[in-house]
Amino acid sequence: MSSINNNSINNLKLENVKNINIFGLEGNDQKLLLYNLNYLNLKNIFFINKKKLQNIIESNSLVEEYNVKKNYPSSIDIYIKKTTFIGKINEKGKFFLVGNNGKLSNNNKSEIKVPYIFGSPEIKEILKLKKIIDESKIEYSKIESLYYFKSNRWDLKFANNVVIKLPDKIKVEILNKISFFLKNIELENKKIVDARIKNQIIILNE
């Protein structure tokens with residue numbers, strides 16, 4: 001038989017965290033998150049301040065979902081689902097990318113093609129509209145601009161310059177009717193599709 005005395009426990013040395021591995025972000029995005037995590041000054045893997053770790057990861061505007069795994073004895077693996085961008089919006093004279101996670105990111109990714117959003121809507125209103133469009137037959141990728149009005153109503157402008165004026169209460173069924181209409185009616189020089197009146201679709205010139 002044997003026993004461990006207090007001196008044995010006190011002399012037990014735990015390894016410090018040596019590696020933080022981030023998966024799902026690349027390049028400078030990965031380096032920036034790693035830089036912020038290093039401020040935690042992590043000691044050993046058994047006594048990590050979970051709340052502080054979460055705060056740093058969740059404050060990153062690119063993170064939509066994440067999972068942290070301790071890789072014993074001295075590594076931490078962080079798996080990240082990167083958000084998708086759904087629009088560009090002007091905030092105090094500067095454009096930001098709007099993420100599907102409801103966060104704003106600096107607009108330094110010029111290759112990303114997403115609609116411009118005008119009218120200063122709340123982020124939750126943008127996400128709500130995007131969800132309804134995604135559930136409909138309207139192709140979000142063909143929308144060039146989104147215009148929000150204080151009456152809680154939206155206009156959609158497409159790449160072909162057609163503008164759809166939506167009612168204040170948007171439903172998937174309404175968008176599906178508009179989509180069917182656009183695919184089956186020759187608009188010619190007509191550029192405005194007004195669906196604000198219930199059970200009516202009105203075609204107008206510019």
# chains A, B, ... in the order shown; residues from 1 in each chain; ligands from 1
>>> residues_around(residues="Val98 of chain A", least_positions_apart="6", cutoff="9 Å", atoms="only C-alpha atoms", output="list in words")
Thr84, Phe85, Ile86, Gly87, Lys88, Ile89, Leu104, Ser105, Ile123 and Ile126 of chain A
>>> closest_atom_pairs(of="segment 51-103 of chain A", to="segment 20-41 of chain A", cutoff="9 Å", atoms="only C-alpha atoms", output="CSV")
residue,atom,partner,partner_atom,distance
A:Lys52,CA,A:Leu40,CA,7.6
A:Leu53,CA,A:Leu37,CA,7.3
A:Ile56,CA,A:Leu37,CA,6.7
A:Ile57,CA,A:Leu33,CA,7.3
A:Asn60,CA,A:Leu33,CA,7.3
A:Leu62,CA,A:Asp29,CA,8.3
A:Val63,CA,A:Leu25,CA,8.9
A:Ser74,CA,A:Ile20,CA,8.9
A:Ser75,CA,A:Ile20,CA,5.8
A:Ile76,CA,A:Ile20,CA,4.8
A:Asp77,CA,A:Asn21,CA,4.7
A:Ile78,CA,A:Ile22,CA,4.8
A:Tyr79,CA,A:Phe23,CA,4.9
A:Ile80,CA,A:Gly24,CA,4.8
A:Lys81,CA,A:Gly24,CA,6.0
A:Lys82,CA,A:Gly24,CA,6.4
>>> write_last_selection(atoms="C-alpha atoms", output="PDB file, in the first residue's frame")
ATOM      1  CA  LYS A  52     -12.547  35.400 -20.078  1.00  0.00           C
ATOM      2  CA  LEU A  53     -11.787  32.927 -22.847  1.00  0.00           C
ATOM      3  CA  ILE A  56     -12.418  37.190 -26.195  1.00  0.00           C
ATOM      4  CA  ILE A  57     -13.684  34.660 -28.744  1.00  0.00           C
ATOM      5  CA  ASN A  60     -14.465  38.676 -32.525  1.00  0.00           C
ATOM      6  CA  LEU A  62     -16.015  36.961 -37.541  1.00  0.00           C
ATOM      7  CA  VAL A  63     -17.071  34.218 -35.121  1.00  0.00           C
ATOM      8  CA  SER A  74      -0.695  21.638 -22.752  1.00  0.00           C
ATOM      9  CA  SER A  75      -2.708  22.608 -25.836  1.00  0.00           C
ATOM     10  CA  ILE A  76      -6.059  24.227 -26.560  1.00  0.00           C
ATOM     11  CA  ASP A  77      -7.890  23.672 -29.843  1.00  0.00           C
ATOM     12  CA  ILE A  78     -10.498  26.251 -30.888  1.00  0.00           C
ATOM     13  CA  TYR A  79     -12.821  25.312 -33.753  1.00  0.00           C
ATOM     14  CA  ILE A  80     -14.623  28.270 -35.320  1.00  0.00           C
ATOM     15  CA  LYS A  81     -17.487  28.562 -37.756  1.00  0.00           C
ATOM     16  CA  LYS A  82     -16.850  31.822 -39.561  1.00  0.00           C
TER      17      LYS A  82
END
>>> atom_distance(atom1="atom CA of Leu129 of chain A", atom2="atom CA of Lys177 of chain A")
16.4 Å
>>> select_by_dssp(residues="segment 5-206 of chain A", states="strand (DSSP E or B)", output="number ranges by chain")
A: 16, 19-23, 44, 63-71, 75-82, 85-91, 94-99, 104-106, 116-118, 143-149, 153-158, 163-165, 192-194, 202-204
>>> atom_distance(atom1="atom CA of Val114 of chain A", atom2="atom CA of Ser179 of chain A")
19.8 Å
>>> residues_around(residues="Leu175 of chain A", least_positions_apart="4", cutoff="8 Å", atoms="only C-alpha atoms", output="list of chain:residue names")
A:Ile133, A:Ser136, A:Lys137, A:Ile138, A:Ile170, A:Lys171, A:Ser179
>>> atom_distance(atom1="atom CA of Glu173 of chain A", atom2="atom CA of Lys157 of chain A")
19.2 Å
>>> closest_residue(among="A:Ile185, A:Ile112, A:Ile174, A:Ala159", to="Ile197 of chain A", atoms="only C-alpha atoms")
A:Ile174
>>> closest_residue(among="A:Ser120, A:Asn205, A:Ser59, A:Asn108", to="Trp154 of chain A", atoms="only C-alpha atoms")
A:Ser120
>>> select_by_dssp(residues="segment 48-148 of chain A", states="alpha helix (DSSP H)", output="number ranges by chain")
A: 50-58, 123-135
>>> decode(residues="segment 164-191 of chain A", atoms="N, CA and C atoms", output="compact mmCIF listing (two decimals), in the first residue's frame")
# COMPACT_ATOMS: atom_id res chain seq x y z
N ILE A 164 -38.24 46.62 -56.13
CA ILE A 164 -39.46 46.05 -55.57
C ILE A 164 -39.79 46.79 -54.28
N LYS A 165 -40.97 47.37 -54.24
CA LYS A 165 -41.44 48.04 -53.04
C LYS A 165 -42.28 47.06 -52.23
N LEU A 166 -41.75 46.67 -51.07
CA LEU A 166 -42.41 45.66 -50.25
C LEU A 166 -43.38 46.29 -49.26
N PRO A 167 -44.40 45.54 -48.84
CA PRO A 167 -45.29 46.03 -47.80
C PRO A 167 -44.60 46.04 -46.45
N ASP A 168 -45.20 46.67 -45.46
CA ASP A 168 -44.54 46.74 -44.15
C ASP A 168 -44.53 45.39 -43.44
N LYS A 169 -45.46 44.51 -43.79
CA LYS A 169 -45.47 43.16 -43.24
C LYS A 169 -45.10 42.18 -44.35
N ILE A 170 -43.88 41.69 -44.28
CA ILE A 170 -43.37 40.83 -45.35
C ILE A 170 -43.60 39.36 -44.98
N LYS A 171 -44.11 38.62 -45.94
CA LYS A 171 -44.31 37.19 -45.75
C LYS A 171 -43.67 36.44 -46.91
N VAL A 172 -43.31 35.20 -46.67
CA VAL A 172 -42.70 34.38 -47.71
C VAL A 172 -43.64 34.26 -48.91
N GLU A 173 -44.93 34.12 -48.65
CA GLU A 173 -45.91 33.97 -49.74
C GLU A 173 -45.90 35.17 -50.67
N ILE A 174 -45.76 36.37 -50.10
CA ILE A 174 -45.73 37.59 -50.92
C ILE A 174 -44.49 37.60 -51.82
N LEU A 175 -43.34 37.24 -51.24
CA LEU A 175 -42.11 37.22 -52.03
C LEU A 175 -42.18 36.17 -53.13
N ASN A 176 -42.80 35.04 -52.85
CA ASN A 176 -42.94 33.99 -53.87
C ASN A 176 -43.81 34.46 -55.03
N LYS A 177 -44.86 35.22 -54.72
CA LYS A 177 -45.72 35.76 -55.78
C LYS A 177 -44.95 36.76 -56.64
N ILE A 178 -44.14 37.59 -55.98
CA ILE A 178 -43.33 38.56 -56.71
C ILE A 178 -42.32 37.84 -57.60
N SER A 179 -41.69 36.80 -57.08
CA SER A 179 -40.71 36.03 -57.84
C SER A 179 -41.36 35.41 -59.07
N PHE A 180 -42.54 34.84 -58.91
CA PHE A 180 -43.27 34.24 -60.04
C PHE A 180 -43.60 35.31 -61.06
N PHE A 181 -44.03 36.45 -60.57
CA PHE A 181 -44.40 37.56 -61.44
C PHE A 181 -43.21 38.01 -62.27
N LEU A 182 -42.07 38.19 -61.64
CA LEU A 182 -40.87 38.67 -62.34
C LEU A 182 -40.39 37.68 -63.40
N LYS A 183 -40.60 36.40 -63.16
CA LYS A 183 -40.13 35.38 -64.10
C LYS A 183 -41.07 35.17 -65.27
N ASN A 184 -42.29 35.63 -65.13
CA ASN A 184 -43.30 35.32 -66.15
C ASN A 184 -43.90 36.54 -66.84
N ILE A 185 -43.53 37.75 -66.41
CA ILE A 185 -44.05 38.97 -67.00
C ILE A 185 -42.91 39.76 -67.64
N GLU A 186 -43.12 40.21 -68.87
CA GLU A 186 -42.12 41.03 -69.55
C GLU A 186 -42.23 42.46 -69.06
N LEU A 187 -41.19 42.95 -68.39
CA LEU A 187 -41.25 44.28 -67.79
C LEU A 187 -40.95 45.39 -68.79
N GLU A 188 -40.23 45.07 -69.85
CA GLU A 188 -39.80 46.06 -70.84
C GLU A 188 -39.10 47.22 -70.14
N ASN A 189 -39.65 48.43 -70.23
CA ASN A 189 -39.01 49.60 -69.62
C ASN A 189 -39.51 49.86 -68.20
N LYS A 190 -40.35 48.98 -67.71
CA LYS A 190 -40.89 49.16 -66.37
C LYS A 190 -39.83 48.73 -65.36
N LYS A 191 -39.56 49.58 -64.37
CA LYS A 191 -38.48 49.30 -63.44
C LYS A 191 -38.94 49.23 -61.98
